[in-house]
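Shown next: data-v3.tsv, given as TSV, C-alpha atoms.
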chain	number	residue	atom	x	y	z
A	1	MET	CA	126.27	97.44	143.72
A	2	SER	CA	126.98	98.72	140.23
A	3	GLY	CA	125.26	97.60	137.05
A	4	PRO	CA	126.65	95.47	134.24
A	5	VAL	CA	129.54	96.73	132.14
A	6	PHE	CA	129.05	96.72	128.38
A	7	ARG	CA	132.34	96.62	126.49
A	8	PRO	CA	132.99	96.58	122.76
A	9	TYR	CA	133.98	93.25	121.27
A	10	VAL	CA	137.54	92.70	120.08
A	11	LEU	CA	137.12	92.28	116.35
A	12	PRO	CA	137.32	90.26	114.32
A	13	ALA	CA	135.85	87.65	116.66
A	14	GLU	CA	135.50	84.05	115.61
A	15	GLY	CA	133.39	81.21	116.83
A	16	GLY	CA	131.82	77.95	115.90
A	17	CYS	CA	129.61	75.06	116.79
A	18	ARG	CA	130.38	72.39	119.35
A	19	CYS	CA	132.18	70.04	116.94
A	20	GLY	CA	133.97	72.77	114.98
A	21	ALA	CA	132.55	71.88	111.55
A	22	LEU	CA	130.73	75.23	111.28
A	23	ARG	CA	132.93	78.27	111.87
A	24	PHE	CA	132.08	81.98	111.59
A	25	ARG	CA	133.62	85.43	111.95
A	26	VAL	CA	132.08	88.64	113.32
A	27	THR	CA	133.65	91.82	111.91
A	28	ALA	CA	131.16	94.47	113.13
A	29	GLN	CA	130.18	95.45	116.65
A	30	PRO	CA	126.82	94.06	117.72
A	31	ILE	CA	124.03	96.63	117.70
A	32	ALA	CA	122.66	95.08	120.91
A	33	THR	CA	122.84	91.96	123.06
A	34	ALA	CA	119.96	89.99	124.51
A	35	ALA	CA	118.79	86.98	126.46
A	36	CYS	CA	115.48	85.46	125.35
A	37	HIS	CA	113.39	83.38	127.75
A	38	CYS	CA	110.72	82.23	125.29
A	39	ARG	CA	109.85	78.53	125.34
A	40	GLY	CA	111.17	78.16	121.79
A	41	CYS	CA	114.60	79.46	122.78
A	42	GLN	CA	114.56	77.34	125.93
A	43	ARG	CA	113.86	74.23	123.90
A	44	MET	CA	116.33	75.02	121.10
A	45	SER	CA	119.15	75.95	123.47
A	46	GLY	CA	118.39	73.24	126.01
A	47	SER	CA	118.73	75.93	128.66
A	48	ALA	CA	116.79	78.61	130.54
A	49	PHE	CA	117.33	81.18	127.77
A	50	SER	CA	119.26	81.86	124.58
A	51	THR	CA	122.07	84.40	124.29
A	52	THR	CA	122.14	86.77	121.34
A	53	LEU	CA	124.50	89.21	119.66
A	54	MET	CA	122.57	91.28	117.14
A	55	VAL	CA	125.22	91.62	114.42
A	56	PRO	CA	124.82	93.68	111.23
A	57	VAL	CA	124.43	91.25	108.29
A	58	GLU	CA	127.52	92.66	106.55
A	59	GLY	CA	129.56	92.03	109.73
A	60	PHE	CA	129.05	88.25	109.75
A	61	GLU	CA	130.49	85.52	107.58
A	62	VAL	CA	130.54	81.75	107.64
A	63	LEU	CA	134.16	80.57	107.36
A	64	ALA	CA	133.68	76.80	107.23
A	65	GLY	CA	130.76	74.43	106.88
A	66	GLU	CA	127.34	74.89	105.34
A	67	PRO	CA	124.62	75.69	107.91
A	68	VAL	CA	121.34	73.80	107.78
A	69	LEU	CA	117.94	75.07	108.88
A	70	GLY	CA	116.56	73.74	112.13
A	71	GLY	CA	113.98	74.80	114.67
A	72	MET	CA	110.61	75.51	113.10
A	73	LYS	CA	112.18	75.83	109.60
A	74	ASN	CA	110.22	79.01	109.01
A	75	PRO	CA	111.48	81.00	105.98
A	76	ALA	CA	110.92	84.27	107.90
A	77	LEU	CA	112.92	83.07	110.93
A	78	GLN	CA	115.81	80.89	109.79
A	79	HIS	CA	117.51	79.08	112.67
A	80	SER	CA	120.92	77.97	111.34
A	81	HIS	CA	122.58	74.90	112.77
A	82	CYS	CA	125.76	72.93	112.19
A	83	PRO	CA	125.01	70.03	109.83
A	84	GLU	CA	127.24	67.70	111.88
A	85	CYS	CA	126.53	68.32	115.59
A	86	LEU	CA	123.29	70.27	115.02
A	87	SER	CA	124.31	73.10	117.38
A	88	TRP	CA	122.14	76.21	116.99
A	89	VAL	CA	124.62	78.88	115.84
A	90	PHE	CA	122.73	81.87	114.42
A	91	THR	CA	119.32	83.08	113.24
A	92	ARG	CA	118.40	85.23	110.25
A	93	ILE	CA	115.16	87.21	110.44
A	94	GLU	CA	113.63	87.96	107.06
A	95	GLY	CA	114.13	91.63	106.18
A	96	ALA	CA	116.23	92.46	109.24
A	97	PRO	CA	119.55	94.29	108.70
A	98	PHE	CA	121.10	92.13	111.44
A	99	LEU	CA	121.25	88.47	112.41
A	100	ASN	CA	121.25	86.92	115.84
A	101	VAL	CA	124.45	85.08	116.68
A	102	ARG	CA	124.34	82.82	119.74
A	103	ALA	CA	126.87	84.61	121.94
A	104	VAL	CA	128.06	81.40	123.60
A	105	MET	CA	129.25	80.16	120.19
A	106	LEU	CA	132.07	82.75	120.17
A	107	ASP	CA	135.48	81.29	120.91
A	108	ASP	CA	135.65	83.86	123.73
A	109	PRO	CA	132.13	84.70	124.95
A	110	SER	CA	133.40	86.41	128.13
A	111	ARG	CA	132.39	89.94	127.02
A	112	PHE	CA	128.76	88.94	126.59
A	113	VAL	CA	126.33	90.73	128.89
A	114	PRO	CA	122.67	90.91	127.88
A	115	PHE	CA	121.41	94.46	127.41
A	116	VAL	CA	117.80	93.39	126.81
A	117	GLU	CA	115.94	90.48	128.35
A	118	THR	CA	112.91	89.30	126.37
A	119	CYS	CA	109.94	87.05	127.05
A	120	THR	CA	110.34	87.30	130.82
A	121	ALA	CA	106.72	86.12	131.19
A	122	GLU	CA	108.06	82.67	130.17
A	123	ARG	CA	111.19	82.92	132.32
A	124	LEU	CA	112.00	80.07	134.68
A	125	PRO	CA	111.64	81.51	138.20
A	126	TRP	CA	115.36	81.22	139.02
A	127	ALA	CA	116.74	82.43	135.66
A	128	GLU	CA	117.68	86.10	135.85
A	129	THR	CA	120.25	88.20	134.04
A	130	PRO	CA	121.71	91.66	134.75
A	131	ALA	CA	120.04	93.13	131.63
A	132	PRO	CA	118.91	96.70	132.36
A	133	HIS	CA	115.89	96.37	130.02
A	134	LYS	CA	113.35	93.60	130.60
A	135	TYR	CA	110.22	92.86	128.58
A	136	GLU	CA	107.44	90.35	129.24
A	137	SER	CA	107.35	89.57	125.50
A	138	PHE	CA	109.43	91.41	122.87
A	139	PRO	CA	110.08	95.15	123.00
A	140	PRO	CA	107.47	97.16	121.10
A	141	ASN	CA	108.68	98.45	117.73
A	142	GLU	CA	108.91	102.03	119.01
A	143	ALA	CA	111.36	100.92	121.75
A	144	PHE	CA	113.99	99.54	119.34
A	145	GLY	CA	115.40	102.90	118.20
A	146	PRO	CA	116.01	104.20	121.72
A	147	LEU	CA	117.36	100.81	122.90
A	148	LEU	CA	119.86	100.61	120.02
A	149	ALA	CA	120.92	104.22	120.55
A	150	GLU	CA	121.48	103.63	124.28
A	151	TYR	CA	123.50	100.47	123.61
A	152	ALA	CA	125.64	102.28	121.01
A	153	THR	CA	126.31	105.07	123.50
A	154	LEU	CA	127.33	102.59	126.21
A	155	ILE	CA	129.70	100.79	123.86
A	156	ALA	CA	131.19	104.03	122.54
A	157	SER	CA	131.86	105.22	126.09
A	158	GLN	CA	134.00	102.11	126.71
A	159	GLU	CA	136.07	102.25	123.50
A	160	SER	CA	139.65	103.27	123.98
Would you write out, as structure tokens, the structure that this file holds?
Amino acid sequence: MSGPVFRPYVLPAEGGCRCGALRFRVTAQPIATAACHCRGCQRMSGSAFSTTLMVPVEGFEVLAGEPVLGGMKNPALQHSHCPECLSWVFTRIEGAPFLNVRAVMLDDPSRFVPFVETCTAERLPWAETPAPHKYESFPPNEAFGPLLAEYATLIASQES
């Protein structure tokens, strides 16, 4: 059996919340993809894990609607939701050069494959992904550089 295939996204890619009031566009390739199993993500997504595209800040724009903060409403970790249907759409991390877009909010999420799986210590026993990198909590800071470089290499090898 072969491993997961990581393909570049067709850009620009658009997406939005469940009701369509909040729309966005991604214009830069994600620097990585992930599935997070932490209890917070489970509760906010209403699922076993959340799906994430780590998109450079300059490669993301809101096209319609005005997001509202939800989740823990922490200024350092801003969970942005649609003001109408309250879908969790993206998260900004204070000081980070990227934001986390919920991959399932893309109009076409079919290319999403998690590269990193985080908080597996909190994973529901049946919830597994094909991510090649798995961490019981979050990757240590020193792992991010090599992870991002490996992801970039995988994506570049699939570009035509």
Rows by chain and residue number, region 38-82 of chain A within 9 Å of region 120-136 of chain A, shortest pair, all atoms listed in the file, as CSV:
residue,atom,partner,partner_atom,distance
A:Cys38,CA,A:Glu122,CA,5.6
A:Arg39,CA,A:Glu122,CA,6.6
A:Ala48,CA,A:Ala127,CA,6.4
A:Phe49,CA,A:Arg123,CA,7.8
Give me a file of those residues, with C-alpha atoms, as an mmCIF file, in the coordinates of the input.
data_model
loop_
_atom_site.group_PDB
_atom_site.id
_atom_site.type_symbol
_atom_site.label_atom_id
_atom_site.label_comp_id
_atom_site.auth_asym_id
_atom_site.auth_seq_id
_atom_site.Cartn_x
_atom_site.Cartn_y
_atom_site.Cartn_z
ATOM 1 C CA CYS A 38 110.720 82.230 125.290
ATOM 2 C CA ARG A 39 109.850 78.530 125.340
ATOM 3 C CA ALA A 48 116.790 78.610 130.540
ATOM 4 C CA PHE A 49 117.330 81.180 127.770
#
When you draw a straight line from CA of Phe144 (chain A) to CA of Phe112 (chain A), how long is it in Å? 19.6 Å
Show me as a PDB file with C-alpha atoms, keeping the file's coordinate frame the residues that reach within 12 Å of (129.9, 84.2, 104.7), counting all atoms listed in the file and using the file's own coordinates.
ATOM      1  CA  LEU A  22     130.730  75.230 111.280  1.00  0.00           C
ATOM      2  CA  ARG A  23     132.930  78.270 111.870  1.00  0.00           C
ATOM      3  CA  PHE A  24     132.080  81.980 111.590  1.00  0.00           C
ATOM      4  CA  ARG A  25     133.620  85.430 111.950  1.00  0.00           C
ATOM      5  CA  VAL A  26     132.080  88.640 113.320  1.00  0.00           C
ATOM      6  CA  THR A  27     133.650  91.820 111.910  1.00  0.00           C
ATOM      7  CA  VAL A  57     124.430  91.250 108.290  1.00  0.00           C
ATOM      8  CA  GLU A  58     127.520  92.660 106.550  1.00  0.00           C
ATOM      9  CA  GLY A  59     129.560  92.030 109.730  1.00  0.00           C
ATOM     10  CA  PHE A  60     129.050  88.250 109.750  1.00  0.00           C
ATOM     11  CA  GLU A  61     130.490  85.520 107.580  1.00  0.00           C
ATOM     12  CA  VAL A  62     130.540  81.750 107.640  1.00  0.00           C
ATOM     13  CA  LEU A  63     134.160  80.570 107.360  1.00  0.00           C
ATOM     14  CA  ALA A  64     133.680  76.800 107.230  1.00  0.00           C
ATOM     15  CA  GLY A  65     130.760  74.430 106.880  1.00  0.00           C
ATOM     16  CA  GLU A  66     127.340  74.890 105.340  1.00  0.00           C
ATOM     17  CA  PRO A  67     124.620  75.690 107.910  1.00  0.00           C
TER      18      PRO A  67
END
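Atom pair CA of Leu86 (chain A) / CA of Gly71 (chain A): separated by 10.4 Å.
Across the model, the gap from CA of Pro109 (chain A) to CA of Thr153 (chain A) is 21.2 Å.
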Taking all atoms listed in the file into account, name the residue in A:Asn100, A:Thr33, A:Gln42, A:Asn74 that is nearest to Cys119 (chain A). A:Gln42
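If all atoms listed in the file are the atoms counted, then among A:Ala152, A:Glu159, A:Asp107, A:Trp88 the closest residue to Arg43 (chain A) is A:Trp88.
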A:Ser2, A:Gln29, A:Thr118, A:Thr91: which is nearest Lys73 (chain A), counting only C-alpha atoms? A:Thr91
Top pick for closest residue to Ser50 (chain A), considering A:Leu147, A:Val116, A:Ala28, A:Ala156 and counting only C-alpha atoms: A:Val116
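The nearest approach to Glu117 (chain A) among the residues A:Gly145, A:Pro97, A:Pro139, A:Pro75, with all atoms listed in the file taken into account, belongs to A:Pro139.
When all atoms listed in the file are used to measure the gap to Val55 (chain A), the shortest distance among A:Ala21, A:Arg92, A:Asn141, A:Val68 belongs to A:Arg92.
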Write out as a ChimeraX atom specification which residues come within 7 Å of Arg7 (chain A) when counting all atoms listed in the file, dropping same-chain ones fewer than 4 positions away. /A:111,155,158
Using only C-alpha atoms, find each residue of region 83-110 of chain A with at least one atom at most 12 Å away from an atom of region 8-18 of chain A; report its shortest atom-to-atom pair and that distance in Å (one decimal), sort the rows by chain and rising residue number, and return the result as a tab-separated table.
residue	atom	partner	partner_atom	distance
A:Pro83	CA	A:Cys17	CA	9.7
A:Glu84	CA	A:Cys17	CA	9.2
A:Cys85	CA	A:Arg18	CA	6.7
A:Leu86	CA	A:Cys17	CA	8.1
A:Ser87	CA	A:Cys17	CA	5.7
A:Trp88	CA	A:Cys17	CA	7.6
A:Val89	CA	A:Cys17	CA	6.4
A:Phe90	CA	A:Cys17	CA	10.0
A:Val101	CA	A:Gly15	CA	9.7
A:Arg102	CA	A:Gly15	CA	9.6
A:Ala103	CA	A:Gly15	CA	9.0
A:Val104	CA	A:Gly15	CA	8.6
A:Met105	CA	A:Gly15	CA	5.4
A:Leu106	CA	A:Gly15	CA	3.9
A:Asp107	CA	A:Gly15	CA	4.6
A:Asp108	CA	A:Gly15	CA	7.7
A:Pro109	CA	A:Gly15	CA	8.9
A:Ser110	CA	A:Tyr9	CA	9.7
